[in-house]
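Novice: structure05.cif (mmCIF, N, CA and C atoms and all ligand atoms) pasted underneath:
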```
data_model
loop_
_atom_site.label_atom_id
_atom_site.label_comp_id
_atom_site.auth_asym_id
_atom_site.auth_seq_id
_atom_site.Cartn_x
_atom_site.Cartn_y
_atom_site.Cartn_z
N MET A 1 23.37 36.39 -11.20
CA MET A 1 23.94 37.04 -12.38
C MET A 1 22.82 37.49 -13.30
N LYS A 2 22.96 38.69 -13.76
CA LYS A 2 21.93 39.22 -14.64
C LYS A 2 22.36 39.07 -16.09
N THR A 3 21.61 38.31 -16.81
CA THR A 3 21.96 38.12 -18.21
C THR A 3 21.09 38.96 -19.13
N GLU A 4 19.98 39.40 -18.59
CA GLU A 4 19.07 40.15 -19.44
C GLU A 4 19.42 41.63 -19.40
N SER A 5 19.35 42.25 -20.54
CA SER A 5 19.58 43.68 -20.54
C SER A 5 18.26 44.38 -20.24
N PRO A 6 18.33 45.37 -19.36
CA PRO A 6 17.09 46.03 -18.96
C PRO A 6 16.42 46.76 -20.11
N LEU A 7 15.13 46.89 -19.97
CA LEU A 7 14.37 47.59 -20.99
C LEU A 7 14.70 49.07 -20.95
N ARG A 8 14.66 49.67 -22.10
CA ARG A 8 14.83 51.12 -22.15
C ARG A 8 13.45 51.74 -22.06
N LEU A 9 13.28 52.49 -21.02
CA LEU A 9 11.96 53.08 -20.79
C LEU A 9 12.08 54.58 -20.63
N ASN A 10 11.11 55.27 -21.14
CA ASN A 10 11.10 56.69 -20.82
C ASN A 10 10.42 56.88 -19.46
N ALA A 11 10.48 58.08 -18.95
CA ALA A 11 10.06 58.32 -17.57
C ALA A 11 8.62 57.90 -17.31
N SER A 12 7.72 58.24 -18.21
CA SER A 12 6.32 57.95 -17.92
C SER A 12 6.04 56.45 -18.02
N ASP A 13 6.70 55.77 -18.96
CA ASP A 13 6.52 54.32 -19.05
C ASP A 13 7.07 53.63 -17.82
N ARG A 14 8.17 54.12 -17.35
CA ARG A 14 8.80 53.53 -16.17
C ARG A 14 7.88 53.66 -14.95
N LEU A 15 7.32 54.83 -14.79
CA LEU A 15 6.43 55.05 -13.65
C LEU A 15 5.18 54.15 -13.77
N LEU A 16 4.67 54.04 -14.96
CA LEU A 16 3.52 53.17 -15.19
C LEU A 16 3.85 51.73 -14.81
N LEU A 17 5.02 51.32 -15.18
CA LEU A 17 5.45 49.96 -14.92
C LEU A 17 5.62 49.71 -13.42
N LEU A 18 6.21 50.68 -12.74
CA LEU A 18 6.37 50.55 -11.30
C LEU A 18 5.01 50.39 -10.63
N ARG A 19 4.07 51.22 -11.06
CA ARG A 19 2.74 51.16 -10.46
C ARG A 19 2.03 49.86 -10.80
N ARG A 20 2.29 49.35 -11.98
CA ARG A 20 1.60 48.14 -12.40
C ARG A 20 2.15 46.89 -11.73
N LEU A 21 3.47 46.86 -11.58
CA LEU A 21 4.10 45.64 -11.06
C LEU A 21 4.28 45.63 -9.55
N ASP A 22 4.33 46.80 -8.95
CA ASP A 22 4.48 46.85 -7.51
C ASP A 22 3.11 47.05 -6.88
N HIS A 23 2.51 45.95 -6.47
CA HIS A 23 1.16 46.04 -5.92
C HIS A 23 1.17 46.41 -4.45
N LEU A 24 2.33 46.31 -3.82
CA LEU A 24 2.39 46.49 -2.38
C LEU A 24 2.51 47.95 -1.97
N ARG A 25 3.13 48.74 -2.83
CA ARG A 25 3.40 50.11 -2.44
C ARG A 25 3.06 51.10 -3.54
N LYS A 26 2.83 52.32 -3.14
CA LYS A 26 2.44 53.35 -4.10
C LYS A 26 3.66 54.11 -4.60
N TRP A 27 3.63 54.37 -5.86
CA TRP A 27 4.69 55.18 -6.48
C TRP A 27 4.07 56.50 -6.92
N ALA A 28 4.46 57.58 -6.23
CA ALA A 28 3.95 58.89 -6.60
C ALA A 28 4.75 59.45 -7.77
N SER A 29 6.04 59.17 -7.77
CA SER A 29 6.89 59.65 -8.85
C SER A 29 8.13 58.77 -8.92
N LEU A 30 8.93 59.02 -9.94
CA LEU A 30 10.16 58.25 -10.09
C LEU A 30 11.21 58.64 -9.06
N ASP A 31 10.96 59.74 -8.35
CA ASP A 31 11.89 60.14 -7.31
C ASP A 31 11.57 59.50 -5.97
N ASP A 32 10.51 58.72 -5.93
CA ASP A 32 10.21 57.98 -4.70
C ASP A 32 11.37 57.06 -4.37
N LYS A 33 11.65 56.99 -3.08
CA LYS A 33 12.78 56.16 -2.66
C LYS A 33 12.27 54.90 -1.97
N ARG A 34 13.02 53.84 -2.16
CA ARG A 34 12.72 52.58 -1.48
C ARG A 34 14.01 52.03 -0.88
N TYR A 35 13.84 51.30 0.19
CA TYR A 35 14.98 50.64 0.81
C TYR A 35 14.93 49.16 0.43
N CYS A 36 15.98 48.69 -0.19
CA CYS A 36 16.04 47.28 -0.59
C CYS A 36 16.55 46.46 0.59
N VAL A 37 15.70 45.56 1.09
CA VAL A 37 16.10 44.80 2.28
C VAL A 37 17.14 43.73 1.93
N CYS A 38 17.31 43.46 0.65
CA CYS A 38 18.29 42.45 0.25
C CYS A 38 19.71 43.02 0.24
N CYS A 39 19.88 44.17 -0.40
CA CYS A 39 21.24 44.71 -0.50
C CYS A 39 21.45 45.89 0.46
N GLY A 40 20.39 46.34 1.11
CA GLY A 40 20.54 47.40 2.10
C GLY A 40 20.77 48.77 1.51
N LYS A 41 20.40 48.97 0.26
CA LYS A 41 20.62 50.26 -0.37
C LYS A 41 19.30 50.98 -0.61
N ILE A 42 19.41 52.30 -0.65
CA ILE A 42 18.26 53.12 -1.01
C ILE A 42 18.25 53.26 -2.53
N ILE A 43 17.11 52.96 -3.11
CA ILE A 43 17.01 53.06 -4.56
C ILE A 43 15.84 53.97 -4.92
N THR A 44 15.90 54.55 -6.08
CA THR A 44 14.79 55.38 -6.53
C THR A 44 14.15 54.74 -7.75
N GLY A 45 12.97 55.21 -8.07
CA GLY A 45 12.27 54.68 -9.23
C GLY A 45 13.06 54.80 -10.51
N ARG A 46 13.87 55.83 -10.58
CA ARG A 46 14.67 56.02 -11.80
C ARG A 46 15.72 54.94 -11.98
N GLN A 47 16.20 54.42 -10.85
CA GLN A 47 17.29 53.43 -10.93
C GLN A 47 16.79 52.02 -11.18
N ILE A 48 15.53 51.78 -10.85
CA ILE A 48 15.01 50.43 -10.93
C ILE A 48 14.96 49.95 -12.38
N GLU A 49 15.37 48.73 -12.59
CA GLU A 49 15.42 48.18 -13.92
C GLU A 49 14.23 47.27 -14.17
N ALA A 50 13.78 47.27 -15.39
CA ALA A 50 12.69 46.38 -15.78
C ALA A 50 13.22 45.43 -16.86
N VAL A 51 12.90 44.16 -16.70
CA VAL A 51 13.32 43.17 -17.69
C VAL A 51 12.13 42.30 -18.06
N GLY A 52 12.32 41.55 -19.12
CA GLY A 52 11.29 40.60 -19.54
C GLY A 52 10.22 41.25 -20.40
N GLY A 53 9.06 40.62 -20.38
CA GLY A 53 7.96 41.16 -21.16
C GLY A 53 7.83 40.52 -22.52
N THR A 54 8.82 39.77 -22.92
CA THR A 54 8.72 39.03 -24.18
C THR A 54 8.92 37.56 -23.90
N ARG A 55 8.45 36.73 -24.78
CA ARG A 55 8.40 35.29 -24.53
C ARG A 55 9.68 34.66 -23.98
N PRO A 56 10.81 34.80 -24.65
CA PRO A 56 11.99 34.07 -24.15
C PRO A 56 12.50 34.60 -22.82
N LEU A 57 12.16 35.81 -22.50
CA LEU A 57 12.70 36.40 -21.27
C LEU A 57 11.76 36.27 -20.09
N GLY A 58 10.58 35.73 -20.32
CA GLY A 58 9.66 35.56 -19.20
C GLY A 58 8.85 36.81 -18.93
N PRO A 59 8.10 36.76 -17.83
CA PRO A 59 7.21 37.87 -17.54
C PRO A 59 7.96 39.15 -17.22
N LEU A 60 7.29 40.23 -17.43
CA LEU A 60 7.84 41.53 -17.13
C LEU A 60 8.02 41.67 -15.62
N ARG A 61 9.19 42.09 -15.20
CA ARG A 61 9.41 42.25 -13.77
C ARG A 61 10.43 43.35 -13.49
N LEU A 62 10.44 43.76 -12.24
CA LEU A 62 11.33 44.85 -11.82
C LEU A 62 12.52 44.29 -11.08
N LEU A 63 13.67 44.90 -11.29
CA LEU A 63 14.89 44.43 -10.64
C LEU A 63 15.57 45.56 -9.89
N CYS A 64 16.19 45.18 -8.78
CA CYS A 64 17.01 46.13 -8.04
C CYS A 64 18.22 46.52 -8.91
N PRO A 65 18.58 47.81 -8.94
CA PRO A 65 19.72 48.24 -9.76
C PRO A 65 21.07 47.80 -9.23
N THR A 66 21.11 47.33 -7.99
CA THR A 66 22.39 46.93 -7.42
C THR A 66 22.91 45.66 -8.07
N GLU A 67 24.18 45.68 -8.36
CA GLU A 67 24.84 44.53 -8.97
C GLU A 67 24.65 43.29 -8.11
N ASN A 68 24.25 42.21 -8.72
CA ASN A 68 24.10 40.92 -8.05
C ASN A 68 22.97 40.86 -7.02
N CYS A 69 22.16 41.90 -6.94
CA CYS A 69 21.02 41.85 -6.03
C CYS A 69 19.82 41.32 -6.81
N VAL A 70 19.22 40.27 -6.28
CA VAL A 70 18.15 39.61 -7.04
C VAL A 70 16.77 39.91 -6.45
N SER A 71 16.70 40.99 -5.68
CA SER A 71 15.41 41.31 -5.08
C SER A 71 14.43 41.81 -6.13
N THR A 72 13.17 41.77 -5.76
CA THR A 72 12.13 42.34 -6.61
C THR A 72 11.37 43.35 -5.78
N CYS A 73 10.32 43.91 -6.38
CA CYS A 73 9.62 45.01 -5.71
C CYS A 73 9.06 44.61 -4.34
N GLU A 74 8.84 43.33 -4.11
CA GLU A 74 8.34 42.91 -2.80
C GLU A 74 9.36 43.16 -1.69
N ASP A 75 10.61 43.25 -2.08
CA ASP A 75 11.68 43.44 -1.09
C ASP A 75 12.01 44.91 -0.87
N TRP A 76 11.27 45.79 -1.51
CA TRP A 76 11.58 47.21 -1.39
C TRP A 76 10.55 47.86 -0.48
N VAL A 77 11.02 48.30 0.66
CA VAL A 77 10.11 48.91 1.62
C VAL A 77 10.26 50.43 1.55
N TYR A 78 9.26 51.12 2.07
CA TYR A 78 9.37 52.57 2.17
C TYR A 78 10.57 52.90 3.06
N VAL A 79 11.19 54.03 2.75
CA VAL A 79 12.40 54.38 3.49
C VAL A 79 12.11 54.55 4.98
N HIS A 80 10.92 55.09 5.30
CA HIS A 80 10.61 55.27 6.73
C HIS A 80 10.36 53.93 7.42
N GLN A 81 10.21 52.89 6.65
CA GLN A 81 10.07 51.56 7.24
C GLN A 81 11.42 50.85 7.32
N ALA A 82 12.43 51.49 6.77
CA ALA A 82 13.73 50.82 6.68
C ALA A 82 14.27 50.48 8.05
N ALA A 83 14.05 51.36 9.03
CA ALA A 83 14.59 51.11 10.36
C ALA A 83 14.08 49.80 10.93
N SER A 84 12.77 49.56 10.77
CA SER A 84 12.23 48.32 11.30
C SER A 84 12.67 47.13 10.46
N ALA A 85 12.83 47.36 9.17
CA ALA A 85 13.30 46.28 8.31
C ALA A 85 14.73 45.90 8.67
N VAL A 86 15.52 46.92 8.97
CA VAL A 86 16.91 46.66 9.35
C VAL A 86 16.97 45.94 10.68
N SER A 87 16.15 46.40 11.63
CA SER A 87 16.22 45.79 12.96
C SER A 87 15.78 44.33 12.91
N LEU A 88 14.96 44.00 11.93
CA LEU A 88 14.60 42.60 11.77
C LEU A 88 15.76 41.82 11.16
N GLU A 89 16.43 42.46 10.22
CA GLU A 89 17.52 41.79 9.52
C GLU A 89 18.74 41.66 10.42
N ALA A 90 19.11 42.78 11.02
CA ALA A 90 20.31 42.81 11.85
C ALA A 90 20.03 43.63 13.09
N LYS A 91 19.60 42.96 14.13
CA LYS A 91 19.15 43.67 15.32
C LYS A 91 20.25 44.50 15.97
N SER A 92 21.46 44.04 15.94
CA SER A 92 22.52 44.72 16.65
C SER A 92 22.91 46.03 15.98
N ALA A 93 22.60 46.17 14.73
CA ALA A 93 23.05 47.35 14.00
C ALA A 93 22.33 48.61 14.45
N ALA A 94 21.10 48.47 14.89
CA ALA A 94 20.31 49.64 15.24
C ALA A 94 20.34 49.86 16.74
N ARG A 95 21.40 50.45 17.22
CA ARG A 95 21.56 50.61 18.66
C ARG A 95 20.79 51.79 19.21
N SER A 96 20.81 52.89 18.48
CA SER A 96 20.30 54.13 19.04
C SER A 96 18.80 54.30 18.85
N ILE A 97 18.19 53.44 18.11
CA ILE A 97 16.77 53.61 17.80
C ILE A 97 15.91 53.53 19.07
N GLY A 98 16.32 52.67 20.02
CA GLY A 98 15.53 52.47 21.22
C GLY A 98 15.35 53.72 22.06
N ALA A 99 16.23 54.70 21.89
CA ALA A 99 16.17 55.90 22.70
C ALA A 99 14.89 56.68 22.47
N GLU A 100 14.30 56.52 21.32
CA GLU A 100 13.12 57.30 21.01
C GLU A 100 11.82 56.65 21.44
N VAL A 101 11.93 55.46 21.96
CA VAL A 101 10.72 54.77 22.36
C VAL A 101 10.05 55.51 23.52
N ARG A 102 8.83 55.89 23.30
CA ARG A 102 8.10 56.59 24.35
C ARG A 102 7.44 55.60 25.28
N ARG A 103 7.33 56.03 26.50
CA ARG A 103 6.65 55.17 27.46
C ARG A 103 5.29 55.74 27.78
N TYR A 104 4.32 54.97 27.55
CA TYR A 104 2.99 55.38 27.94
C TYR A 104 2.62 54.63 29.21
N PRO A 105 2.14 55.36 30.20
CA PRO A 105 1.71 54.67 31.42
C PRO A 105 0.51 53.79 31.14
N HIS A 106 0.47 52.73 31.82
CA HIS A 106 -0.67 51.85 31.65
C HIS A 106 -1.94 52.54 32.12
N PRO A 107 -2.94 52.54 31.34
CA PRO A 107 -4.21 53.10 31.81
C PRO A 107 -4.71 52.27 32.98
N ILE A 108 -4.91 52.96 34.09
CA ILE A 108 -5.32 52.22 35.29
C ILE A 108 -6.78 51.80 35.15
N ALA A 109 -6.97 50.54 35.32
CA ALA A 109 -8.32 50.03 35.20
C ALA A 109 -9.07 50.34 36.48
N ASN A 110 -9.53 51.57 36.53
CA ASN A 110 -10.14 52.03 37.78
C ASN A 110 -11.59 52.44 37.55
N SER A 111 -12.15 51.86 36.56
CA SER A 111 -13.53 52.24 36.27
C SER A 111 -14.44 51.71 37.39
N SER A 112 -15.02 52.68 38.09
CA SER A 112 -15.79 52.31 39.28
C SER A 112 -17.28 52.23 38.99
N ASN A 113 -17.54 52.01 37.74
CA ASN A 113 -18.98 51.91 37.42
C ASN A 113 -19.42 50.46 37.47
N LYS A 114 -19.30 49.95 38.65
CA LYS A 114 -19.71 48.55 38.81
C LYS A 114 -21.22 48.43 38.66
N VAL A 115 -21.53 47.55 37.83
CA VAL A 115 -22.96 47.32 37.69
C VAL A 115 -23.39 46.38 38.82
N SER A 116 -24.03 46.96 39.77
CA SER A 116 -24.43 46.13 40.92
C SER A 116 -25.52 45.16 40.47
N SER A 117 -25.18 43.95 40.61
CA SER A 117 -26.15 42.94 40.20
C SER A 117 -27.25 42.86 41.27
N ARG A 118 -28.32 43.48 40.96
CA ARG A 118 -29.37 43.58 41.98
C ARG A 118 -30.05 42.23 42.19
N GLY A 119 -30.21 41.56 41.10
CA GLY A 119 -30.93 40.32 41.25
C GLY A 119 -32.33 40.60 41.81
N PHE A 120 -32.59 40.14 43.02
CA PHE A 120 -33.86 40.40 43.65
C PHE A 120 -33.71 41.36 44.81
ZN ZN B 201 18.84 45.35 -3.78
#
```
Could you render the structure as structure tokens?
Specialist:
Amino acid sequence: MKTESPLRLNASDRLLLLRRLDHLRKWASLDDKRYCVCCGKIITGRQIEAVGGTRPLGPLRLLCPTENCVSTCEDWVYVHQAASAVSLEAKSAARSIGAEVRRYPHPIANSSNKVSSRGF
């Protein structure tokens, strides 16, 4: 349950905050999208809420905009990583992803440059 009301931030402050608090990923703009592995939703920088920053409320932190989702920026992966995040969370859900797996033939270990041990 969220009891704290999110901070009111203008666009540039919000972007600064995202960059400051999210050490794992880069935020190019507020339109950057992230996949929340906790609630399974795509969120953008504009939707992300920031709370805290004053003594009684604890440290400044970022919150997922989804109701009742308690994830933080560590749980937000790049959208292109979402497929692998999902397959880790729920393997059965991603049925068609395997079709794109390319097969590379094993490089044949046929290097015939044997160093002849001459010895004497
Ligand atoms: Zn979430």
Novice: Taking only C-alpha atoms and all ligand atoms into account, list the residues no farther than 6 Å from ligand ZN 201 (chain B), as a PyMOL selection string.
Specialist: chain A and resi 36+38-39+64+66+69+71
Novice: Could you list, as a PyMOL selection string, every residue within 9 Å of A:His80, counting only C-alpha atoms and ignoring same-chain residues fewer than 3 positions away?
Specialist: chain A and resi 34-35+77+83-84
Novice: May I have the residues from that selection written out with N, CA and C atoms, as a compact mmCIF listing (two decimals), in the frame of the given file?
Specialist:
```txt
# COMPACT_ATOMS: atom_id res chain seq x y z
N ARG A 34 13.02 53.84 -2.16
CA ARG A 34 12.72 52.58 -1.48
C ARG A 34 14.01 52.03 -0.88
N TYR A 35 13.84 51.30 0.19
CA TYR A 35 14.98 50.64 0.81
C TYR A 35 14.93 49.16 0.43
N VAL A 77 11.02 48.30 0.66
CA VAL A 77 10.11 48.91 1.62
C VAL A 77 10.26 50.43 1.55
N ALA A 83 14.05 51.36 9.03
CA ALA A 83 14.59 51.11 10.36
C ALA A 83 14.08 49.80 10.93
N SER A 84 12.77 49.56 10.77
CA SER A 84 12.23 48.32 11.30
C SER A 84 12.67 47.13 10.46
```
Novice: Please identify all polymer residues within 8 Å of stretch 9-14 of chain A, counting all atoms listed in the file, omitting same-chain residues fewer than 2 positions from it, and present them as a PDB file with N, CA and C atoms, in the coordinates of the input.
Specialist:
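Below is the file that was written, selection38.pdb:
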```
ATOM      1  N   PRO A   6      18.330  45.370 -19.360  1.00  0.00           N
ATOM      2  CA  PRO A   6      17.090  46.030 -18.960  1.00  0.00           C
ATOM      3  C   PRO A   6      16.420  46.760 -20.110  1.00  0.00           C
ATOM      4  N   LEU A   7      15.130  46.890 -19.970  1.00  0.00           N
ATOM      5  CA  LEU A   7      14.370  47.590 -20.990  1.00  0.00           C
ATOM      6  C   LEU A   7      14.700  49.070 -20.950  1.00  0.00           C
ATOM      7  N   LEU A  16       4.670  54.040 -14.960  1.00  0.00           N
ATOM      8  CA  LEU A  16       3.520  53.170 -15.190  1.00  0.00           C
ATOM      9  C   LEU A  16       3.850  51.730 -14.810  1.00  0.00           C
ATOM     10  N   LEU A  17       5.020  51.320 -15.180  1.00  0.00           N
ATOM     11  CA  LEU A  17       5.450  49.960 -14.920  1.00  0.00           C
ATOM     12  C   LEU A  17       5.620  49.710 -13.420  1.00  0.00           C
ATOM     13  N   LEU A  18       6.210  50.680 -12.740  1.00  0.00           N
ATOM     14  CA  LEU A  18       6.370  50.550 -11.300  1.00  0.00           C
ATOM     15  C   LEU A  18       5.010  50.390 -10.630  1.00  0.00           C
ATOM     16  N   ARG A  19       4.070  51.220 -11.060  1.00  0.00           N
ATOM     17  CA  ARG A  19       2.740  51.160 -10.460  1.00  0.00           C
ATOM     18  C   ARG A  19       2.030  49.860 -10.800  1.00  0.00           C
ATOM     19  N   ARG A  20       2.290  49.350 -11.980  1.00  0.00           N
ATOM     20  CA  ARG A  20       1.600  48.140 -12.400  1.00  0.00           C
ATOM     21  C   ARG A  20       2.150  46.890 -11.730  1.00  0.00           C
ATOM     22  N   SER A  29       6.040  59.170  -7.770  1.00  0.00           N
ATOM     23  CA  SER A  29       6.890  59.650  -8.850  1.00  0.00           C
ATOM     24  C   SER A  29       8.130  58.770  -8.920  1.00  0.00           C
ATOM     25  N   LEU A  30       8.930  59.020  -9.940  1.00  0.00           N
ATOM     26  CA  LEU A  30      10.160  58.250 -10.090  1.00  0.00           C
ATOM     27  C   LEU A  30      11.210  58.640  -9.060  1.00  0.00           C
ATOM     28  N   GLY A  45      12.970  55.210  -8.070  1.00  0.00           N
ATOM     29  CA  GLY A  45      12.270  54.680  -9.230  1.00  0.00           C
ATOM     30  C   GLY A  45      13.060  54.800 -10.510  1.00  0.00           C
ATOM     31  N   ARG A  46      13.870  55.830 -10.580  1.00  0.00           N
ATOM     32  CA  ARG A  46      14.670  56.020 -11.800  1.00  0.00           C
ATOM     33  C   ARG A  46      15.720  54.940 -11.980  1.00  0.00           C
ATOM     34  N   ALA A  50      13.780  47.270 -15.390  1.00  0.00           N
ATOM     35  CA  ALA A  50      12.690  46.380 -15.780  1.00  0.00           C
ATOM     36  C   ALA A  50      13.220  45.430 -16.860  1.00  0.00           C
TER      37      ALA A  50
END
```
Novice: By how many Å are atom CA of A:Trp27 and atom CA of A:Arg55 apart?
Specialist: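 Taking atom CA of A:Trp27 as the start and atom CA of A:Arg55 as the end point, the length is 27.1 Å.
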Novice: Calculated over only N, CA and C atoms, which of the candidates A:Glu67, A:Ala85, A:Leu57, A:Cys73 has the smallest distance to A:Glu4?
Specialist: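 Closest to A:Glu4 of all the choices is A:Leu57.
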Novice: A:Arg61, A:Glu49, A:Val37, A:Thr44: which is nearest A:Trp76, counting only C-alpha atoms?
Specialist: A:Val37
Novice: Report, in Å to a single decimal, how far apart atom CA of A:Ile48 and atom CA of A:Leu63 are.
Specialist: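 Interatomic distance, atom CA of A:Leu63 to atom CA of A:Ile48: 6.0 Å.
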Novice: Of the candidates A:Lys41, A:Arg8, A:Gln47, A:Asp22, which shows the shortest atom-to-atom distance to A:Thr72, using only N, CA and C atoms?
Specialist: A:Asp22
Novice: At what distance in Å, to one decimal, does atom CA of A:Ala28 lie from atom CA of A:Ile42?
Specialist: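 Result for atom CA of A:Ile42 versus atom CA of A:Ala28: 16.4 Å, one decimal.
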Novice: Write out as AutoDock Vina command-line options an axis-aligned box for stretch 17-26 of chain A: all of its atoms listed in the file, 4 Å added on each side, centre and edge lengths in Å with one decimal.
Specialist:
```
--center_x 3.8 --center_y 49.9 --center_z -8.6 --size_x 13.2 --size_y 16.5 --size_z 21.2
```
